[in-house]
>>> print(open('start.cif').read())   # mmCIF, C-alpha atoms
data_run
loop_
_atom_site.label_atom_id
_atom_site.label_comp_id
_atom_site.auth_asym_id
_atom_site.auth_seq_id
_atom_site.Cartn_x
_atom_site.Cartn_y
_atom_site.Cartn_z
CA MET A 1325 7.46 6.51 9.79
CA LYS A 1326 6.61 6.77 6.09
CA SER A 1327 2.94 6.81 5.16
CA LEU A 1328 1.63 5.10 2.01
CA THR A 1329 0.44 6.93 -1.08
CA ALA A 1330 -2.61 5.72 -3.01
CA ASN A 1331 -0.45 3.78 -5.49
CA GLU A 1332 1.70 2.28 -2.75
CA PHE A 1333 -1.45 1.22 -0.93
CA GLU A 1334 -2.67 -0.57 -4.04
CA ASN A 1335 0.56 -2.60 -4.21
CA PHE A 1336 0.49 -3.19 -0.48
CA TRP A 1337 -3.07 -4.49 -0.74
CA ILE A 1338 -2.17 -6.89 -3.55
CA VAL A 1339 0.43 -8.52 -1.27
CA TYR A 1340 -1.90 -9.05 1.69
CA SER A 1341 -5.35 -9.25 0.07
CA LYS A 1342 -5.62 -13.03 -0.07
CA ASP A 1343 -4.70 -13.53 3.57
CA ILE A 1344 -7.12 -10.81 4.61
CA TYR A 1345 -9.93 -12.29 2.55
CA ARG A 1346 -9.30 -15.73 4.02
CA PHE A 1347 -9.35 -14.23 7.50
CA CYS A 1348 -12.66 -12.48 6.80
CA LEU A 1349 -14.06 -15.71 5.42
CA HIS A 1350 -13.30 -17.48 8.69
CA LEU A 1351 -14.47 -14.63 10.90
CA ALA A 1352 -17.80 -13.98 9.23
CA ARG A 1353 -20.84 -16.20 9.36
CA GLY A 1354 -21.40 -16.45 5.62
CA ARG A 1355 -19.89 -15.53 2.24
CA ASP A 1356 -21.93 -12.31 1.95
CA ASP A 1357 -20.83 -11.14 5.37
CA ALA A 1358 -17.25 -12.06 4.53
CA ASP A 1359 -17.40 -10.00 1.31
CA ASP A 1360 -18.82 -7.04 3.20
CA LEU A 1361 -16.24 -7.36 5.94
CA TYR A 1362 -13.42 -7.56 3.41
CA GLN A 1363 -14.59 -4.47 1.54
CA GLU A 1364 -15.08 -2.47 4.71
CA THR A 1365 -11.59 -3.50 5.82
CA ALA A 1366 -10.12 -2.36 2.50
CA LEU A 1367 -11.92 0.98 2.72
CA ARG A 1368 -10.92 1.58 6.33
CA ALA A 1369 -7.34 0.55 5.61
CA PHE A 1370 -7.17 2.98 2.71
CA LYS A 1371 -8.43 5.79 4.94
CA LYS A 1372 -5.78 4.90 7.49
CA ALA A 1373 -3.03 4.44 4.90
CA GLU A 1374 -0.93 7.15 6.49
CA GLU A 1375 -0.84 5.14 9.73
CA ILE A 1376 0.50 2.02 8.00
CA ASP A 1377 4.18 1.54 8.67
CA GLU A 1378 5.60 -1.07 6.33
CA SER A 1379 8.48 -1.79 8.66
CA ASP A 1380 6.22 -2.43 11.66
CA ASN A 1381 4.07 -5.51 10.92
CA PRO A 1382 1.48 -3.95 8.57
CA LYS A 1383 -0.40 -7.24 8.37
CA ALA A 1384 -1.24 -7.05 12.08
CA PHE A 1385 -2.51 -3.50 11.54
CA ILE A 1386 -4.89 -4.58 8.76
CA PHE A 1387 -6.01 -7.65 10.71
CA SER A 1388 -6.81 -5.50 13.72
CA ILE A 1389 -9.02 -3.31 11.50
CA ALA A 1390 -10.82 -6.46 10.33
CA VAL A 1391 -11.25 -7.64 13.93
CA LYS A 1392 -12.75 -4.29 14.96
CA LEU A 1393 -15.15 -4.33 12.02
CA ALA A 1394 -16.03 -7.96 12.71
CA HIS A 1395 -16.86 -6.96 16.29
CA ASN A 1396 -19.48 -4.54 14.93
CA LEU A 1397 -20.73 -7.22 12.59
CA PHE A 1398 -21.14 -9.70 15.47
CA LYS A 1399 -23.08 -7.11 17.45
CA LYS A 1400 -25.37 -6.48 14.50
CA GLU A 1401 -25.83 -10.25 14.01
CA LYS A 1402 -26.71 -10.67 17.67
CA ARG A 1403 -29.35 -7.94 17.47
CA ARG A 1404 -30.70 -9.44 14.25
CA ALA A 1405 -30.87 -12.90 15.82
CA GLU A 1406 -32.82 -11.55 18.79
CA ILE A 1407 -35.47 -10.13 16.48
CA ALA A 1408 -35.55 -12.91 13.88
CA PRO A 1409 -33.52 -16.04 14.54
CA GLU A 1410 -31.69 -17.10 11.40
CA SER A 1411 -31.71 -20.54 9.91
CA SER A 1412 -28.56 -22.60 10.02
CA ILE A 1413 -25.51 -21.54 8.03
CA ASP A 1414 -25.06 -22.85 4.55
CA ASP A 1415 -21.73 -24.54 5.09
CA ASP A 1416 -21.34 -25.55 1.48
CA GLU A 1417 -20.71 -21.97 0.46
CA PHE A 1418 -17.48 -21.96 2.44
CA GLY A 1419 -14.24 -22.57 0.66
CA THR A 1420 -13.52 -25.29 -1.81
CA GLU A 1421 -12.61 -28.62 -0.52
CA LEU A 1422 -9.22 -30.14 -1.06
CA THR A 1423 -10.51 -33.55 -2.01
CA ASP A 1424 -8.35 -36.41 -2.92
CA GLY A 1425 -9.61 -38.05 -6.09
CA ALA A 1426 -8.82 -41.51 -4.76
CA GLU A 1427 -10.84 -40.98 -1.56
CA PRO A 1428 -13.99 -43.10 -1.32
CA ILE A 1429 -17.30 -41.23 -1.47
CA GLU A 1430 -18.29 -42.29 2.08
CA LYS A 1431 -15.09 -40.88 3.45
CA GLN A 1432 -15.63 -37.61 1.58
CA SER A 1433 -19.15 -37.21 2.92
CA GLU A 1434 -17.99 -38.05 6.43
CA ARG A 1435 -15.25 -35.45 6.14
CA LYS A 1436 -17.79 -32.87 4.96
CA GLN A 1437 -20.08 -33.63 7.90
CA ILE A 1438 -17.21 -33.11 10.31
CA GLN A 1439 -16.31 -29.86 8.57
CA ARG A 1440 -19.89 -28.66 9.05
CA ALA A 1441 -19.81 -29.61 12.72
CA VAL A 1442 -16.53 -27.73 13.23
CA ARG A 1443 -17.89 -24.70 11.38
CA ARG A 1444 -21.09 -24.69 13.47
CA THR A 1445 -19.14 -25.00 16.69
CA LEU A 1446 -16.68 -22.33 15.64
CA THR A 1447 -19.34 -19.78 14.69
CA ALA A 1448 -21.22 -20.47 17.91
CA LEU A 1449 -18.13 -19.58 19.96
CA ASP A 1450 -18.00 -16.25 21.69
CA GLU A 1451 -16.08 -13.60 19.75
CA LYS A 1452 -13.31 -13.36 22.32
CA TYR A 1453 -12.50 -17.05 21.84
CA ARG A 1454 -13.27 -17.29 18.14
CA VAL A 1455 -10.92 -14.53 16.94
CA PRO A 1456 -7.73 -15.88 18.58
CA LEU A 1457 -8.60 -19.41 17.53
CA VAL A 1458 -9.05 -18.39 13.89
CA LEU A 1459 -5.83 -16.37 13.93
CA PHE A 1460 -3.91 -19.19 15.53
CA TYR A 1461 -4.95 -21.93 13.14
CA PHE A 1462 -5.71 -20.33 9.79
CA ASP A 1463 -2.50 -18.37 9.45
CA GLU A 1464 -0.46 -20.37 11.95
CA ARG A 1465 0.57 -17.17 13.62
CA GLY A 1466 2.22 -16.96 16.99
CA ILE A 1467 0.82 -15.64 20.24
CA ASP A 1468 2.62 -12.29 19.81
CA PHE A 1469 0.94 -11.64 16.49
CA ILE A 1470 -2.51 -12.42 17.94
CA ALA A 1471 -1.82 -10.16 20.92
CA GLU A 1472 -0.85 -7.35 18.54
CA VAL A 1473 -3.96 -7.80 16.42
CA MET A 1474 -6.33 -8.03 19.36
CA LYS A 1475 -4.44 -5.47 21.43
CA ILE A 1476 -4.43 -7.67 24.53
CA PRO A 1477 -1.55 -9.13 26.60
CA THR A 1478 0.04 -12.41 25.48
CA GLY A 1479 -1.03 -14.12 28.72
CA THR A 1480 -4.67 -13.32 27.93
CA VAL A 1481 -4.24 -14.70 24.41
CA LYS A 1482 -2.85 -17.96 25.82
CA SER A 1483 -5.67 -18.40 28.31
CA ARG A 1484 -8.32 -17.57 25.71
CA LEU A 1485 -6.82 -20.03 23.26
CA HIS A 1486 -6.76 -22.74 25.89
CA LYS A 1487 -10.36 -22.07 26.84
CA ALA A 1488 -11.39 -21.90 23.18
CA LYS A 1489 -9.87 -25.30 22.47
CA GLN A 1490 -11.59 -26.77 25.51
CA LEU A 1491 -14.93 -25.34 24.41
CA MET A 1492 -14.42 -26.63 20.88
CA LYS A 1493 -13.57 -30.08 22.18
CA SER A 1494 -16.60 -30.35 24.43
CA GLU A 1495 -18.98 -28.92 21.82
CA LEU A 1496 -17.65 -31.22 19.13
CA GLU A 1497 -18.11 -34.18 21.42
CA LYS A 1498 -21.71 -33.10 21.90
CA GLU A 1499 -22.05 -33.00 18.10
CA GLY A 1500 -20.76 -36.54 18.03
CA VAL A 1501 -17.38 -35.77 16.46
CA SER A 1502 -14.51 -37.64 18.02
CA ASP A 1503 -10.97 -36.52 17.29
CA ASP A 1504 -9.98 -39.76 15.59
CA GLU A 1505 -12.73 -39.51 13.00
CA TYR A 1506 -11.12 -36.64 11.16
CA ARG A 1507 -8.07 -38.49 10.02
CA MET B 822 -5.93 -31.35 23.35
CA THR B 823 -3.48 -32.44 20.66
CA ASN B 824 -6.26 -34.23 18.82
CA THR B 825 -8.43 -31.11 18.78
CA ASP B 826 -5.33 -29.32 17.49
CA ASP B 827 -5.05 -31.75 14.60
CA LEU B 828 -8.74 -31.51 13.88
CA LEU B 829 -8.66 -27.71 13.76
CA ASN B 830 -5.45 -27.66 11.71
CA GLU B 831 -7.03 -30.00 9.20
CA TYR B 832 -10.26 -27.99 9.12
CA PHE B 833 -8.51 -24.69 8.44
CA LYS B 834 -6.29 -26.29 5.82
CA GLN B 835 -9.32 -27.65 3.98
CA THR B 836 -11.50 -24.56 4.15
CA SER B 837 -8.97 -21.81 3.50
CA GLU B 838 -9.22 -21.97 -0.27
CA ILE B 839 -10.52 -18.74 -1.76
CA PRO B 840 -13.45 -19.26 -4.13
CA GLN B 841 -12.35 -18.87 -7.76
CA GLU B 842 -14.79 -16.07 -8.54
CA VAL B 843 -13.29 -13.81 -5.87
CA ASN B 844 -10.66 -11.42 -7.15
CA CYS B 845 -8.97 -10.13 -4.01
CA GLU B 846 -6.42 -7.92 -5.76
CA LEU B 847 -9.13 -6.04 -7.62
CA HIS B 848 -10.47 -4.66 -4.35
CA GLY B 849 -7.37 -2.52 -3.83
CA LYS B 850 -7.95 -0.85 -7.19
CA LEU B 851 -11.69 -0.45 -6.59
CA VAL B 852 -11.20 1.01 -3.15
CA LYS B 853 -8.72 3.50 -4.57
CA ALA B 854 -11.24 4.51 -7.23
CA GLU B 855 -14.06 4.69 -4.70
CA MET B 856 -12.03 6.90 -2.39
CA ALA B 857 -11.22 9.25 -5.27
CA VAL B 858 -14.95 9.56 -6.06
CA LEU B 859 -15.80 10.15 -2.40
CA LYS B 860 -13.13 12.83 -2.14
CA ARG B 861 -14.37 14.58 -5.27
CA ASN B 862 -17.97 14.36 -4.04
CA SER B 863 -17.11 15.82 -0.66
CA VAL B 864 -15.32 18.78 -2.30
CA LEU B 865 -18.32 19.34 -4.57
CA ILE B 866 -20.76 19.16 -1.66
CA THR B 867 -18.71 21.62 0.39
CA VAL B 868 -18.53 24.15 -2.44
CA LEU B 869 -22.25 23.85 -3.21
CA THR B 870 -23.21 24.12 0.46
CA ALA B 871 -21.08 27.24 0.85
CA LEU B 872 -22.61 28.85 -2.24
CA CYS B 873 -26.20 27.99 -1.24
CA SER B 874 -25.60 29.26 2.27
CA LEU B 875 -24.24 32.52 0.95
CA VAL B 876 -27.22 33.07 -1.33
CA ILE B 877 -29.73 32.12 1.38
CA PHE B 878 -28.02 34.30 3.93
CA ALA B 879 -27.93 37.32 1.60
CA ALA B 880 -31.56 36.90 0.52
CA SER B 881 -32.99 36.34 4.00
CA PHE B 882 -30.86 39.15 5.44
CA CYS B 883 -32.42 41.58 2.97
CA PHE B 884 -35.99 40.43 3.67
CA PHE B 885 -36.08 39.30 7.32
CA GLY B 886 -32.98 40.64 9.04
CA GLY B 887 -29.88 39.13 10.67
CA PHE B 888 -31.37 36.61 13.14
CA VAL B 889 -33.69 34.90 10.68
CA ALA B 890 -30.91 34.89 8.08
CA LEU B 891 -28.63 33.02 10.48
CA LEU B 892 -31.44 30.59 11.31
CA PHE B 893 -32.17 29.86 7.66
CA THR B 894 -28.49 29.48 6.81
CA SER B 895 -27.76 27.03 9.60
CA GLY B 896 -30.91 25.10 8.71
CA ASN B 897 -29.72 24.89 5.13
CA VAL B 898 -26.27 23.66 6.15
CA ILE B 899 -27.71 20.92 8.37
CA PHE B 900 -30.19 19.87 5.70
CA THR B 901 -27.54 19.71 2.97
CA LEU B 902 -25.17 17.71 5.15
CA ALA B 903 -27.90 15.23 6.07
CA ILE B 904 -28.85 14.79 2.41
CA SER B 905 -25.23 14.29 1.41
CA VAL B 906 -24.67 11.65 4.11
CA VAL B 907 -27.76 9.74 2.96
CA LEU B 908 -26.76 9.99 -0.71
CA THR B 909 -23.22 8.83 0.01
CA ALA B 910 -24.49 5.86 2.01
CA VAL B 911 -26.91 4.90 -0.77
CA SER B 912 -24.29 5.19 -3.50
CA CYS B 913 -21.78 3.15 -1.47
CA ARG B 914 -24.36 0.44 -0.94
CA GLU B 915 -25.21 0.36 -4.64
CA GLU B 916 -21.52 0.23 -5.52
CA ARG B 917 -20.99 -2.64 -3.10
CA GLY B 918 -23.98 -4.52 -4.50
CA ARG B 919 -22.54 -4.19 -8.02
CA ARG B 920 -19.13 -5.36 -6.86
CA VAL B 921 -20.36 -8.46 -5.04
#
>>> encode(input="start.cif", output="structure tokens")
Amino acid sequence: MKSLTANEFENFWIVYSKDIYRFCLHLARGRDDADDLYQETALRAFKKAEEIDESDNPKAFIFSIAVKLAHNLFKKEKRRAEIAPESSIDDDEFGTELTDGAEPIEKQSERKQIQRAVRRTLTALDEKYRVPLVLFYFDERGIDFIAEVMKIPTGTVKSRLHKAKQLMKSELEKEGVSDDEYR
Amino acid sequence: MTNTDDLLNEYFKQTSEIPQEVNCELHGKLVKAEMAVLKRNSVLITVLTALCSLVIFAASFCFFGGFVALLFTSGNVIFTLAISVVLTAVSCREERGRRV
């Protein structure tokens, strides 16, 4: 196994940075948390540069660092929420919408409302369901990749994904979002 | 479940755009620079701690004897380490604030 030098790490980071940032954006509760998570991941990855093996799925290695750091973040959030419950998330700060110019304004606002509902439901999910769900959909990665990132067996990933989808479905129904509305 | 699949696929497709003001690649460079500073600082702190400890040990050995000298020296080491940890944490936080 060949470890990375500082310059090699810089190039390595350029290749994966966007995916990692996107992942942090979906894992964290807000933009500030996502920025923090991303920076911590970069710092931790640099410290562990000698453990990165470019021939052995380095992306999974970095993602697993982000997941571990996100776990600490969730714990901190939970403690914070117990002391002072936070107001709702500002969903508008998340991502830029891929809007179709020809789409009527009502349709756009409806789409945005559904996005907010999905975001709320997703962030309310327990960490053990949220992480595999995010990994599965945002990067369209397979079960093996998720298992490697989360360091759990593939069977557990499958069952958690199934449960996560069920939870999402029931919670979205409670929010008044039916599946057909999104199209 | 397929419909929830579609809904989630669509959601992630629409919200996975990175905001324009975020420069992801820059972080690699900044982290490299930050690590270099941290490394230099830690070397500096170690050298200074060793020098201070030596001086304190020599001075207190002359005036109070071996036991007190050891006590003072270990106290100094612990104090310096604690200060350096706090200073590093503060500087990292400031650096992060500037970056965001």
>>> interface_residues(input="start.cif", of="chain B", to="chain A", cutoff="7 Å", atoms="all atoms listed in the file", output="mmCIF file with C-alpha atoms, keeping the file's coordinate frame")
data_model
loop_
_atom_site.group_PDB
_atom_site.id
_atom_site.type_symbol
_atom_site.label_atom_id
_atom_site.label_comp_id
_atom_site.auth_asym_id
_atom_site.auth_seq_id
_atom_site.Cartn_x
_atom_site.Cartn_y
_atom_site.Cartn_z
ATOM 1 C CA ASN B 824 -6.260 -34.230 18.820
ATOM 2 C CA THR B 825 -8.430 -31.110 18.780
ATOM 3 C CA LEU B 828 -8.740 -31.510 13.880
ATOM 4 C CA LEU B 829 -8.660 -27.710 13.760
ATOM 5 C CA ASN B 830 -5.450 -27.660 11.710
ATOM 6 C CA TYR B 832 -10.260 -27.990 9.120
ATOM 7 C CA PHE B 833 -8.510 -24.690 8.440
ATOM 8 C CA GLN B 835 -9.320 -27.650 3.980
ATOM 9 C CA THR B 836 -11.500 -24.560 4.150
ATOM 10 C CA SER B 837 -8.970 -21.810 3.500
ATOM 11 C CA GLU B 838 -9.220 -21.970 -0.270
ATOM 12 C CA ILE B 839 -10.520 -18.740 -1.760
ATOM 13 C CA PRO B 840 -13.450 -19.260 -4.130
ATOM 14 C CA CYS B 845 -8.970 -10.130 -4.010
ATOM 15 C CA GLU B 846 -6.420 -7.920 -5.760
ATOM 16 C CA GLY B 849 -7.370 -2.520 -3.830
ATOM 17 C CA LYS B 850 -7.950 -0.850 -7.190
ATOM 18 C CA VAL B 852 -11.200 1.010 -3.150
ATOM 19 C CA LYS B 853 -8.720 3.500 -4.570
#
>>> closest_residue(input="start.cif", among="A:Thr1447, A:Glu1497, A:Asp1468, A:Gly1479", to="A:Asn1381", atoms="all atoms listed in the file")
A:Asp1468
>>> atom_distance(input="start.cif", atom1="atom CA of B:Glu842", atom2="atom CA of A:Ala1358")
13.9 Å
>>> atom_distance(input="start.cif", atom1="atom CA of B:Leu892", atom2="atom CA of B:Ala910")
27.3 Å
>>> residues_around(input="start.cif", residues="B:Leu859", least_positions_apart="3", cutoff="12 Å", atoms="all atoms listed in the file", output="PDB file with C-alpha atoms, keeping the file's coordinate frame")
ATOM      1  CA  LEU A1367     -11.920   0.980   2.720  1.00  0.00           C
ATOM      2  CA  LYS A1371      -8.430   5.790   4.940  1.00  0.00           C
TER       3      LYS A1371
ATOM      4  CA  VAL B 852     -11.200   1.010  -3.150  1.00  0.00           C
ATOM      5  CA  LYS B 853      -8.720   3.500  -4.570  1.00  0.00           C
ATOM      6  CA  ALA B 854     -11.240   4.510  -7.230  1.00  0.00           C
ATOM      7  CA  GLU B 855     -14.060   4.690  -4.700  1.00  0.00           C
ATOM      8  CA  MET B 856     -12.030   6.900  -2.390  1.00  0.00           C
ATOM      9  CA  ASN B 862     -17.970  14.360  -4.040  1.00  0.00           C
ATOM     10  CA  SER B 863     -17.110  15.820  -0.660  1.00  0.00           C
ATOM     11  CA  VAL B 864     -15.320  18.780  -2.300  1.00  0.00           C
ATOM     12  CA  LEU B 865     -18.320  19.340  -4.570  1.00  0.00           C
ATOM     13  CA  ILE B 866     -20.760  19.160  -1.660  1.00  0.00           C
ATOM     14  CA  SER B 905     -25.230  14.290   1.410  1.00  0.00           C
ATOM     15  CA  VAL B 906     -24.670  11.650   4.110  1.00  0.00           C
ATOM     16  CA  LEU B 908     -26.760   9.990  -0.710  1.00  0.00           C
ATOM     17  CA  THR B 909     -23.220   8.830   0.010  1.00  0.00           C
ATOM     18  CA  ALA B 910     -24.490   5.860   2.010  1.00  0.00           C
ATOM     19  CA  SER B 912     -24.290   5.190  -3.500  1.00  0.00           C
ATOM     20  CA  CYS B 913     -21.780   3.150  -1.470  1.00  0.00           C
ATOM     21  CA  GLU B 916     -21.520   0.230  -5.520  1.00  0.00           C
TER      22      GLU B 916
END
>>> atom_distance(input="start.cif", atom1="atom CA of A:Glu1375", atom2="atom CA of A:Thr1329")
11.0 Å
>>> residues_around(input="start.cif", residues="A:Ala1488", least_positions_apart="6", cutoff="9 Å", atoms="all atoms listed in the file", output="MDAnalysis selection string")
chainID A and resid 1449:1450 1452:1454 1456:1457
>>> write_last_selection(input="start.cif", atoms="C-alpha atoms", output="mmCIF file, in the frame of the given file")
data_model
loop_
_atom_site.group_PDB
_atom_site.id
_atom_site.type_symbol
_atom_site.label_atom_id
_atom_site.label_comp_id
_atom_site.auth_asym_id
_atom_site.auth_seq_id
_atom_site.Cartn_x
_atom_site.Cartn_y
_atom_site.Cartn_z
ATOM 1 C CA LEU A 1449 -18.130 -19.580 19.960
ATOM 2 C CA ASP A 1450 -18.000 -16.250 21.690
ATOM 3 C CA LYS A 1452 -13.310 -13.360 22.320
ATOM 4 C CA TYR A 1453 -12.500 -17.050 21.840
ATOM 5 C CA ARG A 1454 -13.270 -17.290 18.140
ATOM 6 C CA PRO A 1456 -7.730 -15.880 18.580
ATOM 7 C CA LEU A 1457 -8.600 -19.410 17.530
#
